[in-house]
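Structure data follow from my_file_8.txt (compact mmCIF, C-alpha atoms and all ligand atoms):
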# COMPACT_ATOMS: atom_id res chain seq x y z
CA MET N 1 65.71 85.24 107.82
CA SER N 2 65.54 82.79 104.96
CA ILE N 3 68.52 81.67 102.91
CA ASN N 4 67.85 81.23 99.27
CA ILE N 5 68.93 77.89 97.82
CA PRO N 6 68.58 78.12 94.04
CA LYS N 7 67.24 75.21 92.03
CA LEU N 8 70.39 73.49 90.81
CA PRO N 9 70.73 71.07 87.89
CA THR N 10 71.92 67.58 88.85
CA ILE N 11 73.31 64.72 86.77
CA ARG N 12 69.71 63.61 86.22
CA ASP N 13 69.14 66.85 84.28
CA LEU N 14 72.14 66.43 81.95
CA ASP N 15 72.83 63.67 79.51
CA ILE N 16 76.13 62.23 80.78
CA ARG N 17 75.73 58.66 79.54
CA GLU N 18 78.94 57.55 77.76
CA LYS N 19 79.97 61.23 77.60
CA LYS N 20 83.35 62.76 78.41
CA VAL N 21 82.64 64.39 81.73
CA LEU N 22 84.89 66.85 83.58
CA VAL N 23 84.26 66.50 87.31
CA ARG N 24 85.64 69.05 89.81
CA ILE N 25 85.99 67.14 93.09
CA ASP N 26 87.57 68.25 96.37
CA ILE N 27 89.99 65.60 97.61
CA ASN N 28 92.12 68.17 99.46
CA SER N 29 93.27 66.15 102.49
CA PRO N 30 95.48 66.60 105.56
CA ILE N 31 99.08 65.75 104.57
CA ASP N 32 102.08 64.97 106.76
CA PRO N 33 104.49 67.76 105.70
CA GLU N 34 107.52 65.56 106.48
CA THR N 35 106.56 62.38 104.64
CA GLY N 36 103.92 63.66 102.19
CA GLU N 37 101.59 60.86 103.41
CA ILE N 38 97.82 61.43 103.31
CA LEU N 39 96.77 61.48 106.98
CA ASP N 40 93.02 61.19 106.49
CA ASP N 41 91.29 60.00 103.32
CA ARG N 42 87.67 60.64 104.26
CA ARG N 43 87.02 63.07 101.39
CA ILE N 44 88.63 60.65 98.93
CA SER N 45 86.49 57.75 100.15
CA VAL N 46 83.27 59.80 99.93
CA HIS N 47 84.05 60.87 96.37
CA GLY N 48 85.15 57.32 95.52
CA LYS N 49 81.79 55.94 96.62
CA TYR N 50 79.78 58.35 94.46
CA ILE N 51 82.10 58.09 91.43
CA LYS N 52 81.61 54.31 91.57
CA GLU N 53 77.83 54.82 91.44
CA MET N 54 78.15 57.31 88.59
CA MET N 55 80.26 54.83 86.57
CA LYS N 56 77.70 52.07 87.15
CA ASP N 57 74.69 54.23 86.25
CA TYR N 58 76.05 56.23 83.28
CA ASN N 59 79.32 54.63 82.11
CA PRO N 60 81.01 57.99 81.34
CA ALA N 61 84.66 58.76 80.59
CA LEU N 62 85.56 60.77 83.69
CA VAL N 63 88.22 63.47 83.87
CA LEU N 64 88.71 64.39 87.52
CA ILE N 65 90.22 67.69 88.70
CA SER N 66 90.99 68.84 92.25
CA HIS N 67 93.34 70.99 94.30
CA GLN N 68 95.53 69.92 97.23
CA GLY N 69 96.76 72.54 99.71
CA ARG N 70 97.98 75.97 98.74
CA PRO N 71 101.36 76.98 97.22
CA GLY N 72 103.87 77.66 99.97
CA GLU N 73 102.17 75.40 102.53
CA GLY N 74 103.20 71.95 103.78
CA ASP N 75 100.16 70.24 102.27
CA PHE N 76 100.75 71.51 98.72
CA THR N 77 101.58 68.26 96.93
CA SER N 78 100.94 66.17 93.84
CA LEU N 79 97.69 64.17 93.48
CA GLU N 80 99.49 60.96 92.50
CA LYS N 81 98.78 59.24 95.84
CA HIS N 82 95.18 60.43 95.73
CA ALA N 83 94.77 58.54 92.43
CA GLU N 84 95.81 55.28 94.14
CA LEU N 85 93.24 55.79 96.88
CA LEU N 86 90.55 56.73 94.36
CA SER N 87 91.31 53.48 92.53
CA LYS N 88 90.81 51.60 95.80
CA TYR N 89 87.47 53.27 96.55
CA THR N 90 86.02 53.20 93.02
CA GLY N 91 87.23 49.72 92.08
CA VAL N 92 88.43 51.21 88.76
CA THR N 93 92.08 52.01 88.02
CA VAL N 94 92.23 55.80 88.19
CA LYS N 95 94.93 56.88 85.79
CA PHE N 96 97.03 59.85 86.90
CA VAL N 97 98.76 62.36 84.61
CA ASP N 98 101.25 64.91 85.96
CA ASP N 99 99.88 67.68 83.79
CA ILE N 100 96.75 69.86 83.75
CA ILE N 101 96.35 71.77 80.50
CA GLY N 102 99.51 70.85 78.56
CA PRO N 103 99.72 68.53 75.53
CA LYS N 104 100.22 65.45 77.75
CA ALA N 105 96.99 65.97 79.68
CA ARG N 106 94.98 66.87 76.60
CA GLU N 107 96.25 63.80 74.74
CA GLU N 108 95.19 61.57 77.68
CA ILE N 109 91.76 63.25 77.77
CA ARG N 110 91.27 62.80 74.02
CA ASN N 111 92.12 59.08 74.29
CA LEU N 112 89.89 58.46 77.33
CA LYS N 113 87.04 55.96 76.71
CA PRO N 114 83.75 55.39 78.55
CA SER N 115 84.28 53.42 81.80
CA GLU N 116 87.77 54.95 82.22
CA ILE N 117 88.83 57.52 84.83
CA LEU N 118 91.68 60.02 84.61
CA LEU N 119 92.90 62.33 87.40
CA LEU N 120 94.84 65.45 86.40
CA GLU N 121 97.59 67.04 88.55
CA ASN N 122 96.92 69.51 91.43
CA LEU N 123 95.04 72.46 89.92
CA ARG N 124 96.81 74.97 92.14
CA LEU N 125 100.03 74.41 90.22
CA LEU N 126 98.39 76.80 87.77
CA SER N 127 98.69 80.33 89.12
CA GLU N 128 95.37 81.37 87.56
CA GLU N 129 93.57 78.82 89.76
CA ILE N 130 94.60 80.78 92.90
CA ILE N 131 93.04 84.02 91.72
CA GLU N 132 89.43 84.79 92.61
CA ALA N 133 87.40 86.67 89.99
CA SER N 134 83.93 86.77 88.43
CA PRO N 135 82.62 83.72 86.51
CA GLU N 136 82.78 85.79 83.31
CA LYS N 137 86.52 86.45 83.81
CA GLN N 138 87.27 82.89 84.93
CA ALA N 139 85.59 81.51 81.82
CA LEU N 140 88.39 83.18 79.83
CA THR N 141 91.28 81.48 81.66
CA MET N 142 93.59 79.01 79.92
CA LEU N 143 92.39 76.25 82.27
CA VAL N 144 88.77 76.64 81.22
CA LYS N 145 89.50 77.18 77.52
CA LYS N 146 91.94 74.28 77.12
CA LEU N 147 89.90 71.69 79.02
CA SER N 148 86.43 72.74 77.84
CA SER N 149 87.27 72.01 74.23
CA ASN N 150 88.17 68.41 75.14
CA VAL N 151 85.09 67.39 77.19
CA ASP N 152 81.30 67.40 76.75
CA VAL N 153 79.96 68.50 80.13
CA TYR N 154 81.12 69.82 83.51
CA VAL N 155 80.03 68.51 86.91
CA ASN N 156 80.85 70.46 90.06
CA ASP N 157 81.06 67.99 92.93
CA ALA N 158 83.44 70.11 95.02
CA PHE N 159 81.03 71.44 97.63
CA ALA N 160 83.96 72.04 100.00
CA THR N 161 85.40 74.61 97.56
CA ALA N 162 82.06 76.23 96.70
CA HIS N 163 83.10 79.42 98.53
CA ARG N 164 85.98 80.06 96.10
CA SER N 165 85.40 82.08 92.93
CA GLN N 166 88.21 80.23 91.16
CA PRO N 167 88.22 79.12 87.49
CA SER N 168 87.68 75.42 88.18
CA ILE N 169 84.59 76.30 90.24
CA VAL N 170 82.95 79.25 88.47
CA GLY N 171 84.59 79.38 85.01
CA PHE N 172 83.51 76.02 83.54
CA PRO N 173 79.77 76.52 84.17
CA LEU N 174 79.84 79.45 81.73
CA SER N 175 81.65 77.42 79.13
CA LEU N 176 79.93 73.99 79.22
CA PRO N 177 76.53 72.47 80.03
CA SER N 178 76.93 71.95 83.78
CA CYS N 179 75.39 70.52 86.89
CA ILE N 180 76.22 69.69 90.49
CA GLY N 181 77.39 66.18 91.37
CA PRO N 182 76.06 63.69 93.93
CA VAL N 183 78.31 64.78 96.84
CA PHE N 184 77.27 68.40 96.33
CA GLU N 185 73.62 67.35 96.12
CA LYS N 186 73.78 65.45 99.44
CA GLU N 187 75.30 68.50 101.12
CA ILE N 188 72.53 70.75 99.82
CA GLN N 189 69.91 68.29 101.10
CA ALA N 190 71.45 68.31 104.61
CA ILE N 191 71.71 72.10 104.65
CA THR N 192 68.12 72.47 103.50
CA ARG N 193 67.05 70.26 106.40
CA ILE N 194 68.88 72.51 108.89
CA LEU N 195 67.55 75.72 107.35
CA ASN N 196 64.01 74.41 107.32
CA SER N 197 64.15 73.54 110.98
CA PHE N 198 62.87 76.43 113.09
CA GLU N 199 63.37 74.58 116.35
CA SER N 200 65.63 76.00 119.06
CA PRO N 201 68.10 75.99 120.62
CA ARG N 202 70.48 76.01 117.66
CA ILE N 203 73.97 75.53 118.99
CA TYR N 204 77.20 76.15 117.08
CA VAL N 205 80.39 74.55 118.45
CA LEU N 206 83.24 76.39 116.79
CA GLY N 207 86.95 75.60 116.98
CA GLY N 208 89.91 74.65 114.82
CA SER N 209 92.57 76.87 113.36
CA LYS N 210 90.77 79.06 110.79
CA VAL N 211 89.90 81.80 113.33
CA ARG N 212 89.59 84.67 110.86
CA GLU N 213 86.97 82.74 108.86
CA LEU N 214 85.16 81.76 112.07
CA LEU N 215 84.76 85.43 113.04
CA ARG N 216 83.18 86.10 109.64
CA VAL N 217 80.81 83.18 110.24
CA ILE N 218 79.90 84.49 113.72
CA GLU N 219 79.20 87.97 112.32
CA ASN N 220 76.92 86.42 109.69
CA LEU N 221 75.17 84.22 112.27
CA MET N 222 74.43 87.27 114.41
CA ARG N 223 73.30 89.45 111.54
CA ASN N 224 70.87 86.76 110.41
CA LYS N 225 69.90 85.64 113.95
CA LEU N 226 70.72 82.01 113.24
CA ALA N 227 72.43 80.83 116.45
CA ASP N 228 71.13 80.68 120.03
CA ARG N 229 74.49 79.77 121.47
CA ILE N 230 78.03 79.62 120.16
CA LEU N 231 80.37 77.40 122.17
CA ALA N 232 83.94 78.52 121.48
CA THR N 233 86.86 76.10 121.63
CA GLY N 234 90.46 76.10 120.36
CA LEU N 235 92.11 79.35 119.34
CA LEU N 236 88.73 81.01 118.95
CA ALA N 237 88.22 80.53 122.70
CA HIS N 238 91.65 82.08 123.42
CA LEU N 239 90.66 85.10 121.36
CA PHE N 240 87.29 85.64 123.04
CA LEU N 241 88.76 85.18 126.53
CA VAL N 242 91.28 87.93 125.76
CA ALA N 243 88.50 90.07 124.29
CA LYS N 244 86.63 89.66 127.61
CA GLY N 245 89.71 90.96 129.44
CA ILE N 246 90.74 87.58 130.86
CA ASP N 247 94.43 86.81 131.34
CA ILE N 248 95.33 83.67 129.36
CA GLY N 249 99.03 83.82 130.26
CA VAL N 250 102.06 84.95 128.27
CA GLU N 251 102.62 81.61 126.54
CA ASN N 252 99.10 81.58 125.09
CA MET N 253 99.28 85.25 124.10
CA LYS N 254 102.47 84.30 122.24
CA VAL N 255 100.56 81.56 120.37
CA LEU N 256 97.99 84.15 119.27
CA GLU N 257 100.80 86.48 118.21
CA GLU N 258 102.64 83.78 116.24
CA LYS N 259 99.45 82.89 114.38
CA GLY N 260 98.89 86.57 113.52
CA LEU N 261 95.64 86.65 115.50
CA LEU N 262 96.30 89.57 117.89
CA PRO N 263 94.87 92.16 115.44
CA LEU N 264 91.55 90.28 115.65
CA ILE N 265 91.03 91.11 119.35
CA PRO N 266 89.17 94.44 118.76
CA ARG N 267 86.89 92.68 116.25
CA ALA N 268 86.14 89.94 118.81
CA ARG N 269 85.47 92.63 121.44
CA TYR N 270 83.03 94.36 119.10
CA ILE N 271 81.23 91.05 118.46
CA LEU N 272 80.83 90.55 122.23
CA MET N 273 79.64 94.13 122.79
CA ARG N 274 76.92 93.59 120.21
CA GLY N 275 75.57 90.74 122.37
CA ALA N 276 76.78 87.64 120.50
CA PRO N 277 75.80 84.54 122.53
CA ILE N 278 79.38 83.31 122.84
CA GLU N 279 80.33 80.91 125.64
CA THR N 280 83.99 80.43 126.50
CA PRO N 281 85.57 77.52 128.42
CA ILE N 282 86.00 77.71 132.18
CA ASP N 283 88.97 75.35 132.21
CA PHE N 284 91.60 73.88 129.92
CA LYS N 285 94.16 71.11 129.60
CA ALA N 286 97.75 72.37 129.51
CA LYS N 287 101.16 70.77 129.70
CA ILE N 288 103.12 72.02 132.70
CA ASN N 289 106.63 70.63 133.33
CA GLY N 290 105.88 67.72 131.04
CA GLU N 291 102.64 66.82 132.85
CA VAL N 292 99.06 67.28 131.57
CA ARG N 293 97.15 69.46 134.07
CA ASN N 294 93.60 70.83 134.25
CA VAL N 295 93.89 74.61 134.70
CA TYR N 296 91.07 77.05 135.46
CA VAL N 297 90.37 80.38 133.79
CA GLY N 298 91.77 83.01 136.15
CA GLU N 299 94.84 80.94 136.91
CA ILE N 300 95.90 79.68 133.48
CA ARG N 301 99.48 78.40 133.26
CA GLY N 302 101.31 76.56 130.48
CA VAL N 303 100.29 76.28 126.83
CA ILE N 304 96.60 75.47 126.45
CA LYS N 305 96.11 72.32 124.38
CA ASP N 306 92.49 71.29 124.93
CA ILE N 307 89.30 72.26 126.77
CA GLY N 308 89.15 71.11 130.41
CA ASN N 309 86.98 68.50 132.17
CA ASN N 310 84.40 70.98 133.50
CA THR N 311 84.00 72.72 130.17
CA VAL N 312 83.41 69.33 128.53
CA LYS N 313 80.63 68.72 131.07
CA ILE N 314 78.98 72.14 130.72
CA TYR N 315 79.15 72.16 126.91
CA GLY N 316 77.89 68.56 126.93
CA ASP N 317 74.85 69.55 129.07
CA LEU N 318 74.04 72.41 126.70
CA LEU N 319 74.25 70.06 123.70
CA LYS N 320 71.84 67.63 125.38
CA ASP N 321 68.97 70.10 124.95
CA ALA N 322 69.91 71.31 121.48
CA LYS N 323 67.53 70.85 118.57
CA VAL N 324 70.12 71.77 115.94
CA ILE N 325 73.90 71.43 116.32
CA VAL N 326 76.56 72.63 113.92
CA MET N 327 80.10 71.64 114.84
CA ARG N 328 83.26 72.95 113.17
CA GLY N 329 86.89 72.28 114.06
CA PRO N 330 88.50 70.29 116.86
CA ALA N 331 88.51 71.63 120.44
CA GLY N 332 92.20 70.96 121.03
CA VAL N 333 95.50 69.92 119.52
CA ILE N 334 94.24 66.55 118.26
CA GLU N 335 97.60 65.72 116.67
CA GLU N 336 98.77 64.99 120.25
CA GLU N 337 97.07 61.89 121.64
CA GLU N 338 96.50 63.26 125.18
CA PHE N 339 94.65 66.33 123.84
CA ARG N 340 92.01 64.56 121.77
CA THR N 341 89.65 63.93 124.68
CA GLY N 342 87.88 67.32 124.61
CA THR N 343 86.88 66.84 120.97
CA LEU N 344 86.00 63.16 121.46
CA ASN N 345 83.80 63.99 124.46
CA LEU N 346 81.97 66.75 122.58
CA LEU N 347 81.37 64.28 119.74
CA GLU N 348 80.06 61.80 122.33
CA SER N 349 77.47 64.41 123.39
CA VAL N 350 76.54 64.85 119.74
CA TYR N 351 75.99 61.10 119.22
CA LYS N 352 73.72 61.03 122.29
CA SER N 353 71.75 64.16 121.50
CA ASN N 354 68.47 64.13 119.55
CA ALA N 355 69.43 67.23 117.60
CA PHE N 356 69.81 67.30 113.85
CA THR N 357 73.56 67.76 113.49
CA LEU N 358 75.96 68.93 110.85
CA ILE N 359 79.61 68.13 111.44
CA ALA N 360 81.86 70.21 109.20
CA GLY N 361 84.58 68.12 107.62
CA GLY N 362 88.35 68.38 107.65
CA HIS N 363 90.14 67.49 110.85
CA LEU N 364 86.94 67.12 112.88
CA GLY N 365 85.51 64.73 110.30
CA SER N 366 88.53 62.47 110.85
CA MET N 367 87.63 62.18 114.58
CA VAL N 368 84.10 60.94 113.92
CA ASP N 369 83.28 57.34 114.83
CA GLU N 370 81.44 56.11 111.72
CA ASN N 371 79.73 53.38 113.80
CA ARG N 372 78.00 55.95 115.98
CA LEU N 373 76.42 57.91 113.13
CA ASN N 374 72.70 57.85 112.41
CA ASN N 375 70.39 59.67 110.02
CA ARG N 376 70.24 62.71 112.31
CA ILE N 377 73.95 63.35 111.83
CA HIS N 378 75.46 64.52 108.56
CA VAL N 379 79.25 64.62 108.31
CA SER N 380 79.89 67.21 105.64
CA THR N 381 82.84 67.21 103.27
CA GLY N 382 82.74 71.00 103.59
CA GLY N 383 84.42 73.15 106.20
CA ASN N 384 84.33 76.87 105.57
CA ALA N 385 82.08 76.52 102.52
CA LEU N 386 79.46 74.86 104.72
CA LEU N 387 79.73 77.40 107.54
CA LEU N 388 79.70 80.43 105.26
CA PHE N 389 76.66 79.16 103.43
CA LEU N 390 74.81 78.24 106.64
CA SER N 391 75.50 81.68 108.00
CA GLY N 392 73.92 83.39 105.01
CA GLU N 393 76.66 84.04 102.43
CA GLU N 394 76.06 83.46 98.75
CA LEU N 395 78.43 80.77 97.47
CA PRO N 396 80.09 81.60 94.11
CA ALA N 397 79.67 77.97 92.94
CA LEU N 398 75.89 78.20 93.28
CA LYS N 399 75.72 81.58 91.54
CA ALA N 400 77.78 80.24 88.60
CA MET N 401 75.62 77.11 88.36
CA GLU N 402 72.48 79.27 88.22
CA LEU N 403 74.01 81.30 85.36
CA SER N 404 74.92 78.08 83.59
CA SER N 405 71.45 76.59 83.83
CA LYS N 406 70.03 79.76 82.25
CA MET N 407 72.64 79.66 79.45
CA PHE N 408 72.63 75.95 78.60
CA LEU N 409 69.40 74.47 79.96
CA GLY N 410 67.09 77.42 79.41
CA TRP N 411 65.92 77.35 83.07
C1 LIG D 1 88.88 73.16 102.36
O1 LIG D 1 89.57 72.25 102.81
O2 LIG D 1 88.25 73.96 103.09
C2 LIG D 1 88.68 73.22 100.87
O3 LIG D 1 89.38 72.22 100.22
C3 LIG D 1 89.08 74.59 100.35
O4 LIG D 1 90.43 74.80 100.57
P1 LIG D 1 91.00 76.29 100.61
O5 LIG D 1 90.54 76.91 101.90
O6 LIG D 1 92.50 76.14 100.53
O7 LIG D 1 90.44 77.01 99.41

File written out as structure tokens:
Amino acid sequence: MSINIPKLPTIRDLDIREKKVLVRIDINSPIDPETGEILDDRRISVHGKYIKEMMKDYNPALVLISHQGRPGEGDFTSLEKHAELLSKYTGVTVKFVDDIIGPKAREEIRNLKPSEILLLENLRLLSEEIIEASPEKQALTMLVKKLSSNVDVYVNDAFATAHRSQPSIVGFPLSLPSCIGPVFEKEIQAITRILNSFESPRIYVLGGSKVRELLRVIENLMRNKLADRILATGLLAHLFLVAKGIDIGVENMKVLEEKGLLPLIPRARYILMRGAPIETPIDFKAKINGEVRNVYVGEIRGVIKDIGNNTVKIYGDLLKDAKVIVMRGPAGVIEEEEFRTGTLNLLESVYKSNAFTLIAGGHLGSMVDENRLNNRIHVSTGGNALLLFLSGEELPALKAMELSSKMFLGW
């Protein structure tokens, strides 16, 4: 099966020199819910690096927009601290305004001069930014109308949010001459490299907390015959063990229940019955009476916190022969020091392998040792957007950009 990547306009196709440019970035970062501190600034540093280049090459007046978390969750905060970090990484003072479409923000945008950068407040403070709808509908939102009339062009550099049909992603392209930004472009180049590689085995290592989304990815991968093996870790592994009829112990069943994942068991069973190449761990790390113990499947006790020593070895051996690796989500509870080893060891196998590798961002990205990277390994800023696209779904951001290039560039 082939996945269609449309020809997308880049900043080389638009005239952004000295223009007022609205750039949608994704600096959504892990936040400590107690202190509000940014726990990992990888996405901010990547954007900072490319914004710096953009300023040097085109000297625009940049208006940056992004979201942070979702309303009602612990990571839903202001972008004020993000502005400080962006200033550090761009070398330009990034001005912050605690407004998005009100008079204060529009006044700041109107006064912005080339070589200056302004960051607006968290987009998800606007309720319309949470709603997903068609590009045509999103182009009519207040966000798009109010900001479009104050800027010249729109750049979508938020690859990590490309799977959301929200106004800041799909509305602006129908309202302004638009293109993708440099971070987005790099991601597309890495994905193209993976999709153009027909070598096997292609191994997906899937973990982390977004289990519902991972099942959708697995269903896509199977439908489009894109994975030779899927190595499950984290809560995804719990789910597939239960789907196989294996007893994971009451405490771990309770974890699945608390996370609302029990209703997914029949779906996981159906995936297995259809022959999905899913491997599950044979052992885990659990804390029993305050001590970290290696427990085997069949005699699981305590709350599982990481994959076990033998699973690390078996998964590592499989990764050694891989030609393509896609890794998403940590294998254990990496917030607790003693349960980081599973993830770190899997990453070690990735560094040593000769496979072309995509590491999906977020929490896993923060575990990567930058000194061990080489040109075979791409650490993506995208998480679910990357996985959904790789598994064959059409991303709304790309669709909107295609529409835009027809409307404004005559492509
Ligand atoms: C992400 O971290 O995956 C992106 O920032 C998108 O966030 P969302 O899943 O809250 O839309």

Within 12 Å of region 255-268 of chain N, which residues of region 282-330 of chain N come that close, and what is the closest atom pair and distance in Å for each? Count all atoms listed in the file and give it as JSON lines.
{"residue": "N:Gly302", "atom": "CA", "partner": "N:Val255", "partner_atom": "CA", "distance": 11.3}
{"residue": "N:Val303", "atom": "CA", "partner": "N:Val255", "partner_atom": "CA", "distance": 8.3}
{"residue": "N:Ile304", "atom": "CA", "partner": "N:Val255", "partner_atom": "CA", "distance": 9.5}
{"residue": "N:Lys305", "atom": "CA", "partner": "N:Val255", "partner_atom": "CA", "distance": 11.0}

Problem set entry | Between CA of Val63 (chain N) and CA of Gly171 (chain N) - distance in Å to one decimal | 16.4 Å

Using all atoms listed in the file, what table do you get, as a Markdown table, when you list each residue of chain N with an atom no more than 6 Å from ligand LIG 1 (chain D), its nearest pair of atoms, and their distance in Å rounded to one decimal, rows by chain then rising number?
| residue | atom | partner | partner_atom | distance |
| --- | --- | --- | --- | --- |
| N:Asp26 | CA | D:LIG1 | O3 | 5.8 |
| N:Asn28 | CA | D:LIG1 | O3 | 4.9 |
| N:Gly69 | CA | D:LIG1 | O6 | 5.6 |
| N:Arg70 | CA | D:LIG1 | O6 | 5.8 |
| N:Ala160 | CA | D:LIG1 | C2 | 4.9 |
| N:Thr161 | CA | D:LIG1 | C3 | 4.6 |
| N:Gly383 | CA | D:LIG1 | O2 | 5.0 |
| N:Asn384 | CA | D:LIG1 | O2 | 5.5 |

For this session: Find the spatial neighbours of Phe172 (chain N), counting only C-alpha atoms, within a cut-off of 10 Å - ignore same-chain residues fewer than 5 positions away - and output them as a PyMOL selection string.
Result: chain N and resi 22+24+135-136+138-141+143-145+147-148+153-156+166-167+177-178+400-401+404

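Of the listed residues N:Arg42, N:Arg269, N:Lys104, N:Lys254, the one whose atoms come nearest to Leu86 (chain N) is N:Arg42, with distances taken using all atoms listed in the file.
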
For this session: Calculate how many Å separate CA of Asn224 (chain N) from CA of Arg202 (chain N), rounding to one decimal.
Result: 13.0 Å

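From CA of Pro182 (chain N) back to CA of Leu206 (chain N), the distance works out to 27.1 Å.
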
For this session: Quick one: residues within 9 Å of (97.7, 61.5, 88.9) (file frame), counting all atoms listed in the file, please, as a ChimeraX atom specification.
Result: /N:78-84,94-99,118-122

For this session: Dump as a PyMOL selection string all residues having an atom at most 8 Å from (88.4, 68.8, 107.3), computed in the file's coordinates with all atoms listed in the file.
Result: chain N and resi 29-30+329+360-366+381-383

Problem set entry | Long-range neighbours of Lys88 (chain N) as a list of chain:residue names, 12 Å cut-off, all atoms listed in the file, 6 positions minimum in chain | N:Asp41, N:Ile44, N:Ser45, N:Val46, N:His47, N:Gly48, N:Lys49, N:Ile51, N:Lys52, N:Lys81, N:His82, N:Val94

Writing out the chosen residues with C-alpha atoms as a short mmCIF file (atom, residue, chain, number, x, y, z; two decimals), keeping the file's coordinate frame:
data_model
loop_
_atom_site.label_atom_id
_atom_site.label_comp_id
_atom_site.auth_asym_id
_atom_site.auth_seq_id
_atom_site.Cartn_x
_atom_site.Cartn_y
_atom_site.Cartn_z
CA ASP N 41 91.29 60.00 103.32
CA ILE N 44 88.63 60.65 98.93
CA SER N 45 86.49 57.75 100.15
CA VAL N 46 83.27 59.80 99.93
CA HIS N 47 84.05 60.87 96.37
CA GLY N 48 85.15 57.32 95.52
CA LYS N 49 81.79 55.94 96.62
CA ILE N 51 82.10 58.09 91.43
CA LYS N 52 81.61 54.31 91.57
CA LYS N 81 98.78 59.24 95.84
CA HIS N 82 95.18 60.43 95.73
CA VAL N 94 92.23 55.80 88.19
#

Exercise. In terms of the shortest atom-to-atom distance over all atoms listed in the file, which of N:Arg164, N:Lys244, N:Arg124, N:Arg110 is closest to Leu398 (chain N)?
Worked result: N:Arg164

Exercise. Near His238 (chain N), within 9 Å and counting all atoms listed in the file, which residues show up once chain neighbours fewer than 4 positions away are dropped, as number ranges by chain?
Worked result: N: 232-234, 242-243, 248, 252-253, 256, 280, 304

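The residue set within 9 Å of Ser405 (chain N), counting all atoms listed in the file and dropping same-chain residues fewer than 2 places from it, reads Leu8, Pro9, Pro173, Pro177, Ser178, Cys179, Ala400, Met401, Glu402, Leu403, Met407, Phe408, Leu409, Gly410 and Trp411 of chain N.
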
With a cut-off of 12 Å, could you pull out the residues of region 161-229 of chain N touching region 345-350 of chain N and give me the nearest pair of atoms for each, distance in Å to one decimal, using all atoms listed in the file, ordered by chain and ascending number, as CSV?
residue,atom,partner,partner_atom,distance
N:Ile203,CA,N:Val350,CA,11.0
N:Tyr204,CA,N:Val350,CA,11.6
N:Val205,CA,N:Leu346,CA,9.0
N:Leu206,CA,N:Leu346,CA,11.3
N:Gly207,CA,N:Leu346,CA,11.6

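Of the listed residues (N:Tyr270, N:Leu235, N:Lys323, N:Asn289), N:Tyr270 comes nearest to Glu219 (chain N); the distances count only C-alpha atoms.
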
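Counting only C-alpha atoms and comparing N:Asp15, N:Thr357, N:Glu213, N:Glu108, the residue that lies closest to Ile191 (chain N) is N:Thr357.
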
Can you put N, CA and C atoms back into region 274-285 of chain N and show it as a compact mmCIF listing (two decimals), in the coordinates of the input?
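Below you can see out-v2.txt, which holds the result:
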# COMPACT_ATOMS: atom_id res chain seq x y z
N ARG N 274 78.20 93.59 120.92
CA ARG N 274 76.92 93.59 120.21
C ARG N 274 76.02 92.44 120.67
N GLY N 275 76.45 91.74 121.73
CA GLY N 275 75.57 90.74 122.37
C GLY N 275 75.61 89.36 121.77
N ALA N 276 76.70 89.00 121.08
CA ALA N 276 76.78 87.64 120.50
C ALA N 276 76.74 86.60 121.63
N PRO N 277 75.96 85.54 121.44
CA PRO N 277 75.80 84.54 122.53
C PRO N 277 76.99 83.57 122.58
N ILE N 278 78.17 84.14 122.87
CA ILE N 278 79.38 83.31 122.84
C ILE N 278 79.77 82.83 124.22
N GLU N 279 79.89 81.51 124.36
CA GLU N 279 80.33 80.91 125.64
C GLU N 279 81.81 80.56 125.48
N THR N 280 82.56 80.82 126.55
CA THR N 280 83.99 80.43 126.50
C THR N 280 84.25 79.39 127.60
N PRO N 281 85.28 78.57 127.44
CA PRO N 281 85.57 77.52 128.42
C PRO N 281 85.89 78.09 129.80
N ILE N 282 85.61 77.28 130.83
CA ILE N 282 86.00 77.71 132.18
C ILE N 282 87.30 77.02 132.61
N ASP N 283 87.68 75.98 131.90
CA ASP N 283 88.97 75.35 132.21
C ASP N 283 89.58 74.72 130.96
N PHE N 284 90.85 74.41 131.06
CA PHE N 284 91.60 73.88 129.92
C PHE N 284 92.55 72.77 130.37
N LYS N 285 93.05 72.04 129.35
CA LYS N 285 94.16 71.11 129.60
C LYS N 285 95.43 71.80 129.09
